[in-house]
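Novice: This is the structure I have questions about; it appears just below.
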Amino acid sequence: MLDLFAIKTQIDSMVADERALQDDFQKRQNLAMGQFKRWGPDWEILRRKIEGSRTSWLLPGLLEPMDRRYPLPLRPASISVAATDGSQIFSDRHEISSCFLINIGYVLLHYGTGEKPLMSSKPTLYYREEDIFEEWGGRRHLANRDMVGFKRRLMEVTDVAELALAAREEGHQVLALSDGTLILWNLEGRPQDFKEAYLETTLEAFSDLQKARVPVAGYISHPGSQELVNALKLGLCPLEVADCDRCPWKAENQFAMTPAEVEDLQADVERTGGLPCTPIDGINDAILLRQLLQPGERTPVFQSRSKILEEYGDHYIHFFYLHVGAEIGRVEIPQWVAEDEELLDMVHACVYDQAEKGQGYPVTLSEAHERAVVRGADREAFYRVLRDMYVKNNIKTQVSTKSFKKRHASI
Amino acid sequence: MDTVKEKPRRRSLREFMGEEKGTGEAFGNGAAATHIGEIVESSTTELIAESAHLHGAPSFGQFVRVGEEMPVVGIVFNVFTHSIEPNRRPTAYGKTEEELRLEQPQIFELLRTEFEALVIGYIDERGPVQVLPPQPARIHSFVHSCSDEEVQGFTRTDDYLRSILNTSKVPTDELLVATLRRTLEAHGGSRSYLVRIGKELSRLLGDDYDRLSSIIRRIAH
């Protein structure tokens with residue numbers, strides 16, 4: 001149990017710190033806005049600087065002036081939106097079996113036609129030895145939370161593609177909407193064969209969609225990303241070509257300098273309260289754009305420069321931010337959608353419409369979530385059925401003492 | 001890891017529909033397609049059924065027949081439509097139903113119509129019996145609307161009226177009026193039938209003349 005009295009003093013100091021930050025926040029926000037406007041006409045200089053620099057943070061690929069705004073296009077009168085979402089019961093070694101379960105929710109809503117929607121879910125149980133232990137990079141890996149998460153994300157993407165294509169086959173004009181990023185950046189650093197297998201399956205799904213000209217988009221609500229702000233930070237860097245590893249304002253890089261040089265640099269640090277790029281730290285893209293975009297408007301399309309995308313080929317992920325009314329959302333699309341004006345407009349109009357229908361969050365995604373979600377009570381029920389079936393069938397197994405104690409704590 | 005290693009055959013829309021049934025369409029097909037609902041709660045005296053269609057419940061006072069062997073007969077006394085998800089409730093959209101069907105189609109999948117019926121008897125091999133059935137209707141058995149012939153057959157005698165008057169949870173007089181309007185219709189609006197139930201009601205209601213005349217007036221109206 002949580003002792004709220006004990007935590008109270010810690011909450012107090014946390015709140016005090018947050019308040020101090022907030023006072024400074026408006027200043028940072030104004031500075032960021034000023035920089036954003038300043039780079040509008042000079043965007044090509046910034047683009048070249050981005051391309052030449054080596055920063056420790058992610059930068060966007062600029063394709064046009066950053067501060068350009070696009071008004072809301074008209075949504076096609078009849079359009080279908082396909083969405084999936086997944087949920088799981090993780091394998092639990094304190095339970096009677098280390099099996100795990102993935103539940104995918106499917107939603108296909110037809111607009112403007114009055115056709116009956118498709119709303120369903122499909123659970124899959126993984127219990128075989130080869131499900132629970134996977135061999136990647138020559139090592140056996142237990143299907144831990146991480147692995148199950150990957151598997152689920154993959155199913156969400158491939159299934160939304162299949163669902164959208166099945167609808168396309170029946171003559172609907174479709175948008176495939178996925179919850180979350182389309183950039184599988186967390187595949188970085190995984191065993192090569194694992195990474196390749198996951199990438200290949202994902203990109204194949206994108207290719208199938210591309211062939212059928214069915215746009216796919218990943219929607220990120222409340223995005224914390226700050227690529228655009230990072231570009232502005234780069235803009236603040238006085239160096240022509242930035243290289244964060246050799247940043248002269250960092251003390252560890254000053255060993256070979258003359259005392260006079262060091263003194264100059266230290267003066268800069270004292271003036272700005274950090275490195276030249278730090279005055280706009282703490283601002284993210286959504287905070288910045290909230291002041292700029294009107295509901296329905298989107299930013300231009302930017303290229304993501306995430307390293308994993310080098311392996312995406314034609315499906316190189318681009319993104320834009322969209323004011324959906326309640327918030328600034330981030331929409332990610334493959335290159336072939338970004339370059340096809342009709343598809344891009346369709347994504348822009350539909351995502352806005354979806355969020356409006358869902359009171360701030362795309363309605364198909366929230367319905368898919370409702371289909372998919374496995375709540376605590378469902379999980380309990382699942383294990384209860386499993387235990388009953390094990391007993392009925394006389395299967396020998398053990399429940400850990402920890403798990404038993406969780407259920408029956410004695411006094 | 002099958003999802004990664006082999007590419008499954010592409011699925012059709014039908015395969016995505018899963019086992020969940022929508023409430024907007026009749027579930028099942030073939031012989032079962034004529035039913036209007038399915039029992040979801042059952043007791044000796046009352047039934048609750050899920051309507052096969054949203055807003056498709058039989059009307060208040062209608063006769064329904066449940067099950068195949070020894071069908072139970074009931075009268076609908078309550079119809080309600082609600083959200084199928086316990087923690088989500090409908091909110092006002094300010095749009096017509098037609099607009100909602102075009103632009104918010106999911107909401108109709110999340111609503112369900114249910115109806116409650118008062119059990120008034122059953123039908124065995126010898127015909128209608130106006131006595132509570134020995135066993136309640138089974139959960140998941142189908143509910144059918146009674147045809148005029150079936151209503152006529154069941155209302156050859158009027159003992160079921162006492163069952164209606166004796167229940168406590170129902171707006172008794174309202175149900176009595178609705179039921180008798182239905183039976184009168186099944187009897188072709190016959191004058192002699194109206195006289196017969198008038199006599200029966202005056203026996204049942206004793207000296208409450210005002211109540212009796214109000215009921216009869218409303219039946220004949």
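Ordering of the structure tokens sets the chain letters (A, B, ...), residue numbers begin anew at 1 in every chain, and ligands are numbered from 1 in the order given.
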Residues of chain A near chain B: apply a cut-off of 8 Å, count only C-alpha atoms, and supply the list as a PDB file with N, CA and C atoms, in the first residue's frame.

Specialist:
```
ATOM      1  N   TYR A 106      -9.840  -4.653 -33.705  1.00  0.00           N
ATOM      2  CA  TYR A 106      -9.968  -4.182 -35.088  1.00  0.00           C
ATOM      3  C   TYR A 106     -11.182  -3.276 -35.216  1.00  0.00           C
ATOM      4  N   LEU A 109     -14.500   1.726 -39.724  1.00  0.00           N
ATOM      5  CA  LEU A 109     -15.711   2.546 -39.753  1.00  0.00           C
ATOM      6  C   LEU A 109     -15.869   3.161 -41.134  1.00  0.00           C
ATOM      7  N   HIS A 110     -17.075   3.079 -41.667  1.00  0.00           N
ATOM      8  CA  HIS A 110     -17.363   3.646 -42.989  1.00  0.00           C
ATOM      9  C   HIS A 110     -18.112   4.947 -42.796  1.00  0.00           C
ATOM     10  N   TYR A 111     -17.588   6.015 -43.378  1.00  0.00           N
ATOM     11  CA  TYR A 111     -18.248   7.318 -43.235  1.00  0.00           C
ATOM     12  C   TYR A 111     -18.981   7.692 -44.501  1.00  0.00           C
ATOM     13  N   GLY A 112     -20.126   8.294 -44.297  1.00  0.00           N
ATOM     14  CA  GLY A 112     -20.876   8.831 -45.422  1.00  0.00           C
ATOM     15  C   GLY A 112     -21.724   7.822 -46.161  1.00  0.00           C
ATOM     16  N   THR A 113     -21.694   6.562 -45.762  1.00  0.00           N
ATOM     17  CA  THR A 113     -22.459   5.550 -46.486  1.00  0.00           C
ATOM     18  C   THR A 113     -23.482   4.856 -45.614  1.00  0.00           C
ATOM     19  N   GLY A 114     -23.332   4.952 -44.293  1.00  0.00           N
ATOM     20  CA  GLY A 114     -24.270   4.277 -43.395  1.00  0.00           C
ATOM     21  C   GLY A 114     -24.049   2.778 -43.303  1.00  0.00           C
ATOM     22  N   GLU A 115     -22.915   2.307 -43.830  1.00  0.00           N
ATOM     23  CA  GLU A 115     -22.643   0.864 -43.760  1.00  0.00           C
ATOM     24  C   GLU A 115     -22.310   0.441 -42.339  1.00  0.00           C
ATOM     25  N   LYS A 116     -22.584  -0.812 -42.091  1.00  0.00           N
ATOM     26  CA  LYS A 116     -22.338  -1.337 -40.744  1.00  0.00           C
ATOM     27  C   LYS A 116     -20.838  -1.402 -40.459  1.00  0.00           C
ATOM     28  N   PRO A 117     -20.429  -0.865 -39.314  1.00  0.00           N
ATOM     29  CA  PRO A 117     -18.994  -0.900 -38.985  1.00  0.00           C
ATOM     30  C   PRO A 117     -18.530  -2.300 -38.611  1.00  0.00           C
ATOM     31  N   LEU A 118     -17.237  -2.475 -38.681  1.00  0.00           N
ATOM     32  CA  LEU A 118     -16.651  -3.727 -38.205  1.00  0.00           C
ATOM     33  C   LEU A 118     -15.891  -3.393 -36.919  1.00  0.00           C
ATOM     34  N   MET A 119     -16.253  -4.057 -35.843  1.00  0.00           N
ATOM     35  CA  MET A 119     -15.567  -3.824 -34.575  1.00  0.00           C
ATOM     36  C   MET A 119     -15.398  -5.174 -33.912  1.00  0.00           C
ATOM     37  N   SER A 120     -14.164  -5.618 -33.820  1.00  0.00           N
ATOM     38  CA  SER A 120     -13.960  -6.952 -33.273  1.00  0.00           C
ATOM     39  C   SER A 120     -12.614  -7.029 -32.591  1.00  0.00           C
ATOM     40  N   SER A 121     -12.344  -8.164 -32.002  1.00  0.00           N
ATOM     41  CA  SER A 121     -11.023  -8.368 -31.416  1.00  0.00           C
ATOM     42  C   SER A 121     -10.659  -9.827 -31.538  1.00  0.00           C
ATOM     43  N   LYS A 122      -9.366 -10.088 -31.532  1.00  0.00           N
ATOM     44  CA  LYS A 122      -8.929 -11.474 -31.656  1.00  0.00           C
ATOM     45  C   LYS A 122      -7.758 -11.719 -30.712  1.00  0.00           C
ATOM     46  N   GLU A 130       8.481 -22.852 -28.498  1.00  0.00           N
ATOM     47  CA  GLU A 130       9.072 -21.930 -29.473  1.00  0.00           C
ATOM     48  C   GLU A 130       8.431 -20.541 -29.430  1.00  0.00           C
ATOM     49  N   ASP A 131       7.239 -20.447 -28.777  1.00  0.00           N
ATOM     50  CA  ASP A 131       6.628 -19.121 -28.594  1.00  0.00           C
ATOM     51  C   ASP A 131       7.307 -18.385 -27.451  1.00  0.00           C
ATOM     52  N   GLU A 134      12.634 -17.595 -27.924  1.00  0.00           N
ATOM     53  CA  GLU A 134      12.939 -17.328 -29.323  1.00  0.00           C
ATOM     54  C   GLU A 134      14.434 -17.255 -29.471  1.00  0.00           C
ATOM     55  N   LYS A 151       6.278  -7.837 -30.535  1.00  0.00           N
ATOM     56  CA  LYS A 151       5.418  -8.734 -31.295  1.00  0.00           C
ATOM     57  C   LYS A 151       4.041  -8.109 -31.483  1.00  0.00           C
ATOM     58  N   MET A 155       2.107  -6.891 -34.880  1.00  0.00           N
ATOM     59  CA  MET A 155       0.771  -7.371 -35.246  1.00  0.00           C
ATOM     60  C   MET A 155      -0.162  -6.200 -35.518  1.00  0.00           C
ATOM     61  N   GLU A 162      -3.622  -5.289 -43.312  1.00  0.00           N
ATOM     62  CA  GLU A 162      -4.490  -6.331 -43.870  1.00  0.00           C
ATOM     63  C   GLU A 162      -5.948  -5.922 -43.860  1.00  0.00           C
ATOM     64  N   LEU A 163      -6.349  -5.320 -42.735  1.00  0.00           N
ATOM     65  CA  LEU A 163      -7.744  -4.894 -42.602  1.00  0.00           C
ATOM     66  C   LEU A 163      -8.077  -3.832 -43.658  1.00  0.00           C
ATOM     67  N   ALA A 166      -8.231  -5.416 -47.077  1.00  0.00           N
ATOM     68  CA  ALA A 166      -9.458  -6.205 -47.257  1.00  0.00           C
ATOM     69  C   ALA A 166     -10.625  -5.278 -47.576  1.00  0.00           C
ATOM     70  N   ALA A 167     -10.649  -4.113 -46.924  1.00  0.00           N
ATOM     71  CA  ALA A 167     -11.718  -3.144 -47.179  1.00  0.00           C
ATOM     72  C   ALA A 167     -11.564  -2.544 -48.580  1.00  0.00           C
ATOM     73  N   ALA A 197      14.103  -9.289 -39.396  1.00  0.00           N
ATOM     74  CA  ALA A 197      12.813  -9.972 -39.515  1.00  0.00           C
ATOM     75  C   ALA A 197      11.668  -9.000 -39.255  1.00  0.00           C
ATOM     76  N   TYR A 198      11.797  -8.186 -38.203  1.00  0.00           N
ATOM     77  CA  TYR A 198      10.727  -7.255 -37.864  1.00  0.00           C
ATOM     78  C   TYR A 198      10.576  -6.164 -38.907  1.00  0.00           C
ATOM     79  N   THR A 201       8.954  -7.581 -42.209  1.00  0.00           N
ATOM     80  CA  THR A 201       7.506  -7.786 -42.124  1.00  0.00           C
ATOM     81  C   THR A 201       6.766  -6.450 -42.158  1.00  0.00           C
ATOM     82  N   LYS A 357     -14.325  13.732 -34.166  1.00  0.00           N
ATOM     83  CA  LYS A 357     -15.382  12.761 -33.843  1.00  0.00           C
ATOM     84  C   LYS A 357     -15.123  12.093 -32.506  1.00  0.00           C
TER      85      LYS A 357
END
```

Novice: Looking only at strand (DSSP E or B) from DSSP on the backbone, list the matching residues of segment 8-212 of chain B as a PyMOL selection string.

Specialist: chain B and resi 37-42+46-51+63-66+72-83+111-124+127-129+142-145

Novice: So that I have them on file, write out the residues from the current selection with N, CA and C atoms, as a compact mmCIF listing (two decimals), in the first residue's frame.

Specialist:
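Contents of again.txt, freshly written:
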```txt
# COMPACT_ATOMS: atom_id res chain seq x y z
N GLY B 37 -35.51 -11.86 -30.41
CA GLY B 37 -34.63 -11.64 -29.28
C GLY B 37 -34.10 -12.95 -28.74
N GLU B 38 -33.23 -12.82 -27.77
CA GLU B 38 -32.63 -14.00 -27.16
C GLU B 38 -32.59 -13.79 -25.65
N ILE B 39 -32.97 -14.84 -24.91
CA ILE B 39 -33.07 -14.71 -23.45
C ILE B 39 -31.68 -14.54 -22.83
N VAL B 40 -31.55 -13.52 -21.99
CA VAL B 40 -30.27 -13.33 -21.30
C VAL B 40 -30.43 -13.44 -19.78
N GLU B 41 -31.67 -13.38 -19.31
CA GLU B 41 -31.92 -13.62 -17.89
C GLU B 41 -33.29 -14.26 -17.80
N SER B 42 -33.39 -15.27 -16.94
CA SER B 42 -34.65 -15.99 -16.93
C SER B 42 -34.99 -16.45 -15.52
N GLU B 46 -40.30 -14.01 -14.65
CA GLU B 46 -39.91 -12.92 -15.56
C GLU B 46 -38.79 -13.34 -16.49
N LEU B 47 -38.74 -12.66 -17.63
CA LEU B 47 -37.68 -12.92 -18.61
C LEU B 47 -37.03 -11.61 -19.01
N ILE B 48 -35.74 -11.64 -19.29
CA ILE B 48 -35.10 -10.50 -19.95
C ILE B 48 -34.47 -11.02 -21.23
N ALA B 49 -34.73 -10.34 -22.34
CA ALA B 49 -34.19 -10.78 -23.62
C ALA B 49 -33.45 -9.62 -24.28
N GLU B 50 -32.41 -9.99 -25.02
CA GLU B 50 -31.70 -9.00 -25.80
C GLU B 50 -32.36 -8.96 -27.17
N SER B 51 -32.70 -7.76 -27.60
CA SER B 51 -33.39 -7.63 -28.88
C SER B 51 -32.43 -7.92 -30.03
N PHE B 63 -47.43 -10.09 -26.89
CA PHE B 63 -47.25 -11.48 -26.44
C PHE B 63 -46.01 -12.06 -27.11
N VAL B 64 -45.17 -12.71 -26.31
CA VAL B 64 -44.01 -13.39 -26.90
C VAL B 64 -43.98 -14.85 -26.47
N ARG B 65 -43.34 -15.63 -27.33
CA ARG B 65 -43.24 -17.07 -27.08
C ARG B 65 -41.74 -17.38 -27.06
N VAL B 66 -41.33 -18.19 -26.07
CA VAL B 66 -39.91 -18.45 -25.91
C VAL B 66 -39.61 -19.93 -25.93
N VAL B 72 -42.62 -21.04 -23.39
CA VAL B 72 -43.11 -20.18 -22.32
C VAL B 72 -43.76 -18.97 -22.99
N VAL B 73 -44.87 -18.48 -22.44
CA VAL B 73 -45.53 -17.32 -23.02
C VAL B 73 -45.41 -16.15 -22.04
N GLY B 74 -45.09 -15.00 -22.57
CA GLY B 74 -44.94 -13.82 -21.71
C GLY B 74 -45.52 -12.59 -22.36
N ILE B 75 -45.68 -11.54 -21.55
CA ILE B 75 -46.14 -10.24 -22.05
C ILE B 75 -45.05 -9.22 -21.78
N VAL B 76 -44.69 -8.46 -22.82
CA VAL B 76 -43.62 -7.47 -22.67
C VAL B 76 -44.10 -6.34 -21.76
N PHE B 77 -43.33 -6.09 -20.70
CA PHE B 77 -43.75 -5.00 -19.81
C PHE B 77 -42.71 -3.90 -19.68
N ASN B 78 -41.54 -4.09 -20.29
CA ASN B 78 -40.52 -3.03 -20.20
C ASN B 78 -39.54 -3.20 -21.35
N VAL B 79 -39.19 -2.10 -21.99
CA VAL B 79 -38.20 -2.11 -23.06
C VAL B 79 -37.17 -1.04 -22.72
N PHE B 80 -35.90 -1.37 -22.83
CA PHE B 80 -34.89 -0.34 -22.56
C PHE B 80 -33.67 -0.51 -23.46
N THR B 81 -33.05 0.61 -23.79
CA THR B 81 -31.86 0.63 -24.63
C THR B 81 -30.75 1.27 -23.83
N HIS B 82 -29.59 0.62 -23.84
CA HIS B 82 -28.49 1.15 -23.01
C HIS B 82 -27.15 0.83 -23.66
N SER B 83 -26.09 1.40 -23.09
CA SER B 83 -24.74 1.15 -23.59
C SER B 83 -24.31 -0.25 -23.17
N LEU B 111 -24.68 0.12 -28.55
CA LEU B 111 -25.96 0.19 -27.85
C LEU B 111 -26.68 -1.14 -28.00
N ARG B 112 -27.50 -1.42 -27.03
CA ARG B 112 -28.25 -2.67 -27.07
C ARG B 112 -29.64 -2.41 -26.53
N THR B 113 -30.62 -3.03 -27.19
CA THR B 113 -32.00 -2.93 -26.71
C THR B 113 -32.35 -4.23 -26.00
N GLU B 114 -32.93 -4.12 -24.85
CA GLU B 114 -33.39 -5.31 -24.13
C GLU B 114 -34.85 -5.13 -23.76
N PHE B 115 -35.54 -6.24 -23.56
CA PHE B 115 -36.92 -6.12 -23.10
C PHE B 115 -37.21 -7.17 -22.03
N GLU B 116 -38.15 -6.81 -21.17
CA GLU B 116 -38.53 -7.71 -20.09
C GLU B 116 -39.96 -8.17 -20.32
N ALA B 117 -40.21 -9.42 -20.01
CA ALA B 117 -41.55 -9.95 -20.17
C ALA B 117 -42.00 -10.63 -18.89
N LEU B 118 -43.29 -10.50 -18.64
CA LEU B 118 -43.91 -11.15 -17.49
C LEU B 118 -44.38 -12.52 -17.97
N VAL B 119 -43.99 -13.57 -17.27
CA VAL B 119 -44.41 -14.92 -17.71
C VAL B 119 -45.86 -15.13 -17.28
N ILE B 120 -46.71 -15.53 -18.24
CA ILE B 120 -48.12 -15.73 -17.89
C ILE B 120 -48.58 -17.17 -18.16
N GLY B 121 -47.69 -17.99 -18.70
CA GLY B 121 -48.11 -19.37 -18.93
C GLY B 121 -47.16 -20.06 -19.88
N TYR B 122 -47.60 -21.18 -20.38
CA TYR B 122 -46.76 -21.92 -21.33
C TYR B 122 -47.67 -22.73 -22.24
N ILE B 123 -47.06 -23.40 -23.20
CA ILE B 123 -47.86 -24.22 -24.11
C ILE B 123 -47.32 -25.64 -24.04
N ASP B 124 -48.16 -26.59 -23.67
CA ASP B 124 -47.68 -27.98 -23.70
C ASP B 124 -48.37 -28.71 -24.83
N GLY B 127 -51.95 -27.86 -25.42
CA GLY B 127 -52.34 -26.50 -25.74
C GLY B 127 -51.89 -25.52 -24.66
N PRO B 128 -52.43 -24.28 -24.72
CA PRO B 128 -51.98 -23.24 -23.78
C PRO B 128 -52.40 -23.56 -22.34
N VAL B 129 -51.50 -23.24 -21.41
CA VAL B 129 -51.78 -23.42 -20.00
C VAL B 129 -51.54 -22.08 -19.31
N PHE B 142 -34.45 -18.55 -28.07
CA PHE B 142 -34.92 -17.46 -28.91
C PHE B 142 -36.33 -17.03 -28.53
N VAL B 143 -36.58 -15.76 -28.73
CA VAL B 143 -37.90 -15.20 -28.43
C VAL B 143 -38.58 -14.87 -29.75
N HIS B 144 -39.84 -15.31 -29.87
CA HIS B 144 -40.61 -15.01 -31.08
C HIS B 144 -41.82 -14.18 -30.70
N SER B 145 -42.26 -13.39 -31.66
CA SER B 145 -43.47 -12.63 -31.46
C SER B 145 -44.65 -13.57 -31.67
```

Novice: Counting only C-alpha atoms, figure out which residue out of A:Phe382, A:Phe150, A:Trp249, A:Phe255 gets nearest to Thr278 of chain A.

Specialist: A:Trp249

Novice: I want to know what sits within 12 Å of segment 161-172 of chain B, based on only C-alpha atoms, with residues of the same chain fewer than 3 positions away left out; could you give that as a PyMOL selection string?

Specialist: chain B and resi 45-46+60-61+74-78+116-121+130-132+154-158+175-180+183+197-198+200-205+211+215

Novice: Those selected residues, please, written with C-alpha atoms and delivered as a PDB file, in the first residue's frame.

Specialist:
```
ATOM      1  CA  THR B  45     -41.941 -15.245 -13.361  1.00  0.00           C
ATOM      2  CA  GLU B  46     -39.913 -12.924 -15.562  1.00  0.00           C
ATOM      3  CA  PHE B  60     -45.229  -2.904 -24.565  1.00  0.00           C
ATOM      4  CA  GLY B  61     -48.071  -5.364 -24.021  1.00  0.00           C
ATOM      5  CA  GLY B  74     -44.939 -13.820 -21.714  1.00  0.00           C
ATOM      6  CA  ILE B  75     -46.143 -10.245 -22.054  1.00  0.00           C
ATOM      7  CA  VAL B  76     -43.621  -7.473 -22.666  1.00  0.00           C
ATOM      8  CA  PHE B  77     -43.747  -5.003 -19.812  1.00  0.00           C
ATOM      9  CA  ASN B  78     -40.524  -3.031 -20.200  1.00  0.00           C
ATOM     10  CA  GLU B 116     -38.534  -7.708 -20.086  1.00  0.00           C
ATOM     11  CA  ALA B 117     -41.552  -9.945 -20.175  1.00  0.00           C
ATOM     12  CA  LEU B 118     -43.907 -11.149 -17.485  1.00  0.00           C
ATOM     13  CA  VAL B 119     -44.410 -14.919 -17.705  1.00  0.00           C
ATOM     14  CA  ILE B 120     -48.124 -15.735 -17.894  1.00  0.00           C
ATOM     15  CA  GLY B 121     -48.107 -19.366 -18.933  1.00  0.00           C
ATOM     16  CA  GLN B 130     -52.336 -20.236 -18.011  1.00  0.00           C
ATOM     17  CA  VAL B 131     -50.118 -21.321 -15.148  1.00  0.00           C
ATOM     18  CA  LEU B 132     -46.451 -20.479 -14.504  1.00  0.00           C
ATOM     19  CA  PHE B 154     -53.729 -18.366 -25.627  1.00  0.00           C
ATOM     20  CA  THR B 155     -56.543 -16.001 -24.646  1.00  0.00           C
ATOM     21  CA  ARG B 156     -59.447 -18.406 -24.972  1.00  0.00           C
ATOM     22  CA  THR B 157     -59.757 -18.064 -21.201  1.00  0.00           C
ATOM     23  CA  ASP B 158     -58.896 -14.971 -19.184  1.00  0.00           C
ATOM     24  CA  LEU B 175     -49.958  -3.159 -18.940  1.00  0.00           C
ATOM     25  CA  LEU B 176     -53.517  -4.440 -18.667  1.00  0.00           C
ATOM     26  CA  VAL B 177     -54.738  -1.852 -21.166  1.00  0.00           C
ATOM     27  CA  ALA B 178     -51.879  -2.478 -23.617  1.00  0.00           C
ATOM     28  CA  THR B 179     -52.301  -6.246 -23.372  1.00  0.00           C
ATOM     29  CA  LEU B 180     -56.044  -6.189 -23.873  1.00  0.00           C
ATOM     30  CA  THR B 183     -55.795  -9.308 -27.611  1.00  0.00           C
ATOM     31  CA  ILE B 197     -63.237  -9.089 -20.910  1.00  0.00           C
ATOM     32  CA  GLY B 198     -65.362  -6.302 -19.493  1.00  0.00           C
ATOM     33  CA  GLU B 200     -63.972 -10.564 -16.374  1.00  0.00           C
ATOM     34  CA  LEU B 201     -62.399  -7.247 -15.353  1.00  0.00           C
ATOM     35  CA  SER B 202     -65.415  -6.210 -13.296  1.00  0.00           C
ATOM     36  CA  ARG B 203     -65.112  -9.506 -11.432  1.00  0.00           C
ATOM     37  CA  LEU B 204     -61.385  -8.925 -10.844  1.00  0.00           C
ATOM     38  CA  LEU B 205     -61.591  -5.274  -9.846  1.00  0.00           C
ATOM     39  CA  ARG B 211     -60.617   2.137 -12.306  1.00  0.00           C
ATOM     40  CA  ILE B 215     -59.420   0.625 -18.247  1.00  0.00           C
TER      41      ILE B 215
END
```

Novice: I'd like to know which residues of chain B are alpha helix (DSSP H) (by DSSP, run on the backbone); could you write them as a PyMOL selection string?

Specialist: chain B and resi 2-5+13-16+97-103+148-154+160-166+172-186+191-205+209-220
